[in-house]
Structures are given as structure tokens and as C-alpha cells.
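Quick notes on the structure that follows.
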Amino acid sequence: MKLLRDKVMEEGIVLSDQVLKVDSFLNHQMDPVLMKEVGREFTRRFAGEQITKVLTIESSGIAPAIMTALELGVPMIFARKHKSLTLRDNILVEKVYSFTKKETNEITVSKKFLCPEDRVLIIDDFLANGEAAFGLARIVEQIGAKVAGIGIVIEKAFQPGGRLLQEAGYQVESLVRVASLENGTVTFAEEVIS
Ligand code: G4P
Ligand code: NA
Ligand code: NA
């Protein structure tokens, strides 16, 4: 997605060989016009999948997920990272380990909002090792629903998440794929520019 690539080039800050900072449009300040286009692009890429729900994880996945859900005309659900006081029973729980943060979070979704008939599009802001996406997929599968696809705003293609998710049989669509952050420079993977 050219618009997003340009934004990463203009505003992305390479913090290390592993980490790209994009807090001016995705992780802190958010760009609603760009997020609207992100929602339209995911809707195009998953057309024909008969999606009934969009699922993400708080907090930075929420903006791209809500714009996608708006475009698709379906509800959006975000998995919580901290157990809600009012949400004790009837919850789906999965453990998600973060290599970046070296910690395990339990993510939860109320059973009220997913059913076995659902076809769920999983959306997230970043894809690194794929732990968050796999955790969300396990939540969907726990209830007996179908993962219709996984949409990622920025994939770090030098980390294994994208490959592992594809090997597990999921359709993964990443709007930009970063091949390397070496030498303080963002290098994109080959992609068809749309
Ligand atoms: P994984 O799920 O693919 O295995 O990723 P990982 O555990 O490494 O990611 C942990 C957190 O760090 C996630 O955010 C993820 O979005 C973020 N992250 C990973 N790599 C990068 C990067 O290069 N740049 C930025 N900006 N973020 C990255 P989170 O803790 O869930 O935070 P948030 O959603 O509340 O923002
Ligand atoms: Na994030
Ligand atoms: Na995220």
C-alpha cells in the first residue's frame, strides 16, 4: 500500500535493527484519514470472505480494526490484555508471550461476542513473531468459529511471524512488509504497489 509506505518512509524512526517507531500515526498519535484507507484496503483484500466480525488486541490494533469493521459493516471486538473486574466468567482466555517485552499476557474475550458461525478477520498493527496473532486465532478456534484471514498494517518480514502463520494455513495480508531495519534504514520487501 503506497500511502502507508510513504508514511513509514517520512515519519518512521528506526530505533534499532529490530524496532520501528511509528508513534506519529499508529502507536500514539493516530492518523484517521490513513486508518480509513487501511480499512478500505483490508476490505478489498478480504472481499469474498464473508466476514462477520473483526477481532484485534488492545490498544494499537483498535484503530485499523474499527475502520475495517466500519467498511465491512460488521462489529469489531478487541481482546483485553488485563482481566476486567466485571469480566470473570464466560471468557475465552489465551496466553500470549511477547519476545519484544519478555513477558506473558493473558488475553481475554467474552464468549458473548463470538459464536461458532462467525467468520473472523484478525487485524493487528504490527506482526513480528506472530504470538499475538496466533493467540487471537486460538481464541476464535476455542469457540469453534473460523479465522477468515489475518490483516497486518506493518509486517517485519525479517521476523518469522508471517511465515509461521502462512504455514499454519492462514491467509495473511500485510499492507507493508519491512525487509530490514539495518543501518538505520527502512528497506521494504518486494510488493505489488497498489
Ligand atoms: P508478536 O505478537 O508478533 O510476537 O510481537 P511482539 O510480541 O514482539 O510484540 C509486542 C508488542 O510490541 C506489540 O505491541 C507489538 O505491536 C509491538 N511491536 C513489535 N515490534 C514492533 C516494532 O518494530 N515497532 C513498534 N512500534 N511496535 C512493535 P503491544 O505491546 O501489544 O502494544 P500496543 O498494541 O498497546 O501498542
Ligand atoms: Na503495538
Ligand atoms: Na498490537
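By convention here, the chains of the C-alpha cells are called A, B, ... in the order presented, each chain's residues are numbered starting at 1, and ligands are numbered starting at 1 in the order presented.
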Which residues are close to Met30 (chain A), i.e. within 8 Å by only C-alpha atoms, leaving aside same-chain residues fewer than 6 positions away? Reply as JSON, numbers by chain.
{"A": [23, 24, 63]}
Please return as an mmCIF file with N, CA and C atoms, in the first residue's frame the residues found within 6 Å of ligand 2, counting only C-alpha atoms and all ligand atoms.
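Saved to selection30.cif:
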data_model
loop_
_atom_site.group_PDB
_atom_site.id
_atom_site.type_symbol
_atom_site.label_atom_id
_atom_site.label_comp_id
_atom_site.auth_asym_id
_atom_site.auth_seq_id
_atom_site.Cartn_x
_atom_site.Cartn_y
_atom_site.Cartn_z
ATOM 1 N N SER A 60 -3.139 -0.717 20.140
ATOM 2 C CA SER A 60 -2.867 -0.124 18.824
ATOM 3 C C SER A 60 -3.555 -0.832 17.663
ATOM 4 N N ASP A 125 -1.696 -4.153 14.360
ATOM 5 C CA ASP A 125 -0.839 -3.083 13.838
ATOM 6 C C ASP A 125 0.511 -3.621 13.377
ATOM 7 N N PHE A 126 1.161 -4.460 14.192
ATOM 8 C CA PHE A 126 2.482 -4.996 13.861
ATOM 9 C C PHE A 126 2.454 -6.519 13.852
#
inquiry  = Under the rule that only C-alpha atoms are counted, which of A:Ile139, A:Ala179, A:Val172, A:Asn129 is the nearest residue to Ala157 (chain A)?
reply    =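 Selected residue with least distance to Ala157 (chain A): A:Ala179.
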Residues near region 175-177 of chain A, cut-off 9 Å, only C-alpha atoms, skip fewer than 5 positions along chain, as a PyMOL selection string:
chain A and resi 1-2+4-5+8+38+41-42+151-157+187-191
Export, as an mmCIF file, in the first residue's frame, the selected residues with N, CA and C atoms.
data_model
loop_
_atom_site.group_PDB
_atom_site.id
_atom_site.type_symbol
_atom_site.label_atom_id
_atom_site.label_comp_id
_atom_site.auth_asym_id
_atom_site.auth_seq_id
_atom_site.Cartn_x
_atom_site.Cartn_y
_atom_site.Cartn_z
ATOM 1 N N MET A 1 0.851 -1.193 0.000
ATOM 2 C CA MET A 1 0.000 0.000 0.000
ATOM 3 C C MET A 1 0.887 1.244 0.000
ATOM 4 N N LYS A 2 0.843 1.956 -1.102
ATOM 5 C CA LYS A 2 1.812 3.045 -1.314
ATOM 6 C C LYS A 2 1.704 4.156 -0.263
ATOM 7 N N LEU A 4 0.803 4.055 2.766
ATOM 8 C CA LEU A 4 1.355 3.630 4.041
ATOM 9 C C LEU A 4 2.886 3.537 3.977
ATOM 10 N N ARG A 5 3.380 3.066 2.853
ATOM 11 C CA ARG A 5 4.834 3.012 2.661
ATOM 12 C C ARG A 5 5.444 4.403 2.734
ATOM 13 N N VAL A 8 5.543 5.564 6.294
ATOM 14 C CA VAL A 8 6.631 4.924 7.044
ATOM 15 C C VAL A 8 7.960 5.583 6.675
ATOM 16 N N VAL A 38 -6.612 2.321 5.309
ATOM 17 C CA VAL A 38 -6.199 0.981 5.757
ATOM 18 C C VAL A 38 -7.427 0.060 5.825
ATOM 19 N N GLU A 41 -8.494 -0.889 2.339
ATOM 20 C CA GLU A 41 -7.567 -1.832 1.707
ATOM 21 C C GLU A 41 -7.768 -3.256 2.255
ATOM 22 N N PHE A 42 -7.941 -3.375 3.573
ATOM 23 C CA PHE A 42 -8.201 -4.717 4.132
ATOM 24 C C PHE A 42 -9.521 -5.273 3.585
ATOM 25 N N GLY A 151 -5.077 -9.652 8.859
ATOM 26 C CA GLY A 151 -4.631 -8.425 8.207
ATOM 27 C C GLY A 151 -3.690 -7.648 9.116
ATOM 28 N N ILE A 152 -2.518 -7.321 8.588
ATOM 29 C CA ILE A 152 -1.473 -6.672 9.372
ATOM 30 C C ILE A 152 -1.120 -5.335 8.730
ATOM 31 N N VAL A 153 -0.983 -4.287 9.531
ATOM 32 C CA VAL A 153 -0.613 -2.988 8.963
ATOM 33 C C VAL A 153 0.866 -3.005 8.577
ATOM 34 N N ILE A 154 1.743 -3.350 9.507
ATOM 35 C CA ILE A 154 3.184 -3.389 9.218
ATOM 36 C C ILE A 154 3.756 -4.740 9.642
ATOM 37 N N GLU A 155 4.217 -5.509 8.678
ATOM 38 C CA GLU A 155 4.877 -6.785 8.977
ATOM 39 C C GLU A 155 6.385 -6.578 8.944
ATOM 40 N N LYS A 156 7.056 -7.045 9.985
ATOM 41 C CA LYS A 156 8.519 -7.087 9.947
ATOM 42 C C LYS A 156 8.895 -8.454 9.377
ATOM 43 N N ALA A 157 9.160 -8.439 8.071
ATOM 44 C CA ALA A 157 9.326 -9.705 7.341
ATOM 45 C C ALA A 157 10.626 -10.424 7.696
ATOM 46 N N THR A 187 14.105 -0.790 4.781
ATOM 47 C CA THR A 187 14.090 -1.399 3.450
ATOM 48 C C THR A 187 12.832 -2.239 3.336
ATOM 49 N N PHE A 188 12.049 -1.991 2.293
ATOM 50 C CA PHE A 188 10.798 -2.718 2.121
ATOM 51 C C PHE A 188 11.031 -3.992 1.327
ATOM 52 N N ALA A 189 10.203 -5.002 1.608
ATOM 53 C CA ALA A 189 10.226 -6.225 0.803
ATOM 54 C C ALA A 189 9.543 -5.917 -0.524
ATOM 55 N N GLU A 190 9.830 -6.727 -1.524
ATOM 56 C CA GLU A 190 9.173 -6.581 -2.827
ATOM 57 C C GLU A 190 7.668 -6.663 -2.638
ATOM 58 N N GLU A 191 6.937 -5.788 -3.271
ATOM 59 C CA GLU A 191 5.481 -5.894 -3.210
ATOM 60 C C GLU A 191 4.877 -5.254 -4.439
#
All residues within 8 Å of ligand 3 are required, counting only C-alpha atoms and all ligand atoms; please report them as a ChimeraX atom specification.
/A:56-61,124-126,132
| Smallest atom-to-atom distance to Pro160 (chain A): which of A:Leu136, A:Ile122, A:Val186, A:Ala128, using only C-alpha atoms? |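 Among the listed residues, A:Ala128 lies closest to Pro160 (chain A).
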Q: Please report, as number ranges by chain, each residue of chain A to which DSSP assigns helix (DSSP H, G or I) when run on this structure's backbone.
A: A: 2-11, 32-45, 62-72, 111-113, 131-142, 161-167, 182-184
(message) For a quick check of understanding, using only C-alpha atoms and all ligand atoms, which of A:Gly130, A:Gly149, A:Gly162, A:Pro32 has the smallest distance to ligand 1?
(response)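 Among the listed residues, A:Gly130 lies closest to ligand 1.
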List the neighbours of region 95-112 of chain A out to 7 Å using only C-alpha atoms; skip same-chain residues closer than 3 positions along the sequence, and give me the result as a PyMOL selection string.
chain A and resi 79-83+90-92+131-132+135
Once you have the residues from the selection above, write them out as an mmCIF file, in the first residue's frame, restricted to C-alpha atoms.
data_model
loop_
_atom_site.group_PDB
_atom_site.id
_atom_site.type_symbol
_atom_site.label_atom_id
_atom_site.label_comp_id
_atom_site.auth_asym_id
_atom_site.auth_seq_id
_atom_site.Cartn_x
_atom_site.Cartn_y
_atom_site.Cartn_z
ATOM 1 C CA ALA A 79 -9.175 -8.732 23.159
ATOM 2 C CA ARG A 80 -8.237 -7.339 26.561
ATOM 3 C CA LYS A 81 -4.749 -7.750 27.988
ATOM 4 C CA HIS A 82 -5.827 -7.207 31.569
ATOM 5 C CA LYS A 83 -8.741 -9.052 33.078
ATOM 6 C CA ASN A 90 -17.795 -16.847 30.303
ATOM 7 C CA ILE A 91 -14.493 -15.669 28.933
ATOM 8 C CA LEU A 92 -12.114 -17.119 26.386
ATOM 9 C CA GLU A 131 2.457 -14.566 19.027
ATOM 10 C CA ALA A 132 -0.402 -12.072 19.277
ATOM 11 C CA GLY A 135 -3.275 -16.087 20.370
#
*Which residue of A:Val33, A:Val178, A:Ala47, A:Leu121 approaches Met76 (chain A) most closely, using only C-alpha atoms*: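 Once distances to Met76 (chain A) are computed over only C-alpha atoms, the minimum belongs to A:Leu121.
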Selection: 9 Å around region 67-74 of chain A, only C-alpha atoms, excl. self and same-chain fewer than 2 positions, as a list in words: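 Result of the neighbour search: Pro32, Met35, Lys36, Glu37, Val38, Gly39, Arg40, Glu41, Phe42, Thr43, Ile51, Thr52, Lys53, Val54, Ile62, Ala63, Pro64, Ala65, Met76 and Ile123 of chain A.
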Return the single residue from A:Asp6, A:Glu49, A:Asp118, A:Asp17 that is closest to ligand 1, with distances computed using only C-alpha atoms and all ligand atoms.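 Checking each of A:Asp6, A:Glu49, A:Asp118, A:Asp17 against ligand 1, counting only C-alpha atoms and all ligand atoms, the winner is A:Asp17.
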key: Residue with smallest distance to Val120 (chain A) - pool A:Val14, A:Val147, A:Leu181, A:Met9, counting only C-alpha atoms   =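 Residue with the minimum atom-to-atom distance to Val120 (chain A): A:Val147.
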One number please: CA of Pro116 (chain A) to CA of Lys146 (chain A), in Å, one decimal.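 Computing it gives 7.6 Å between the two atoms.
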Give the strand (DSSP E or B) residues of chain A, as DSSP finds them on the backbone, and put them as a ChimeraX atom specification.
-> /A:13-14,20-21,53-57,76-80,91-98,103-110,119-127,146-156,172-180,187-188
As a check of understanding: the span from CA of Gln50 (chain A) to CA of Arg119 (chain A) is 6.8 Å
Please, what distance in Å, to one decimal, runs between CA of Phe113 (chain A) and atom 31 (O, counted along the ligand's line) of ligand 1?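 Atom-to-atom, CA of Phe113 (chain A) to atom 31 (O, counted along the ligand's line) of ligand 1, that is 21.0 Å.
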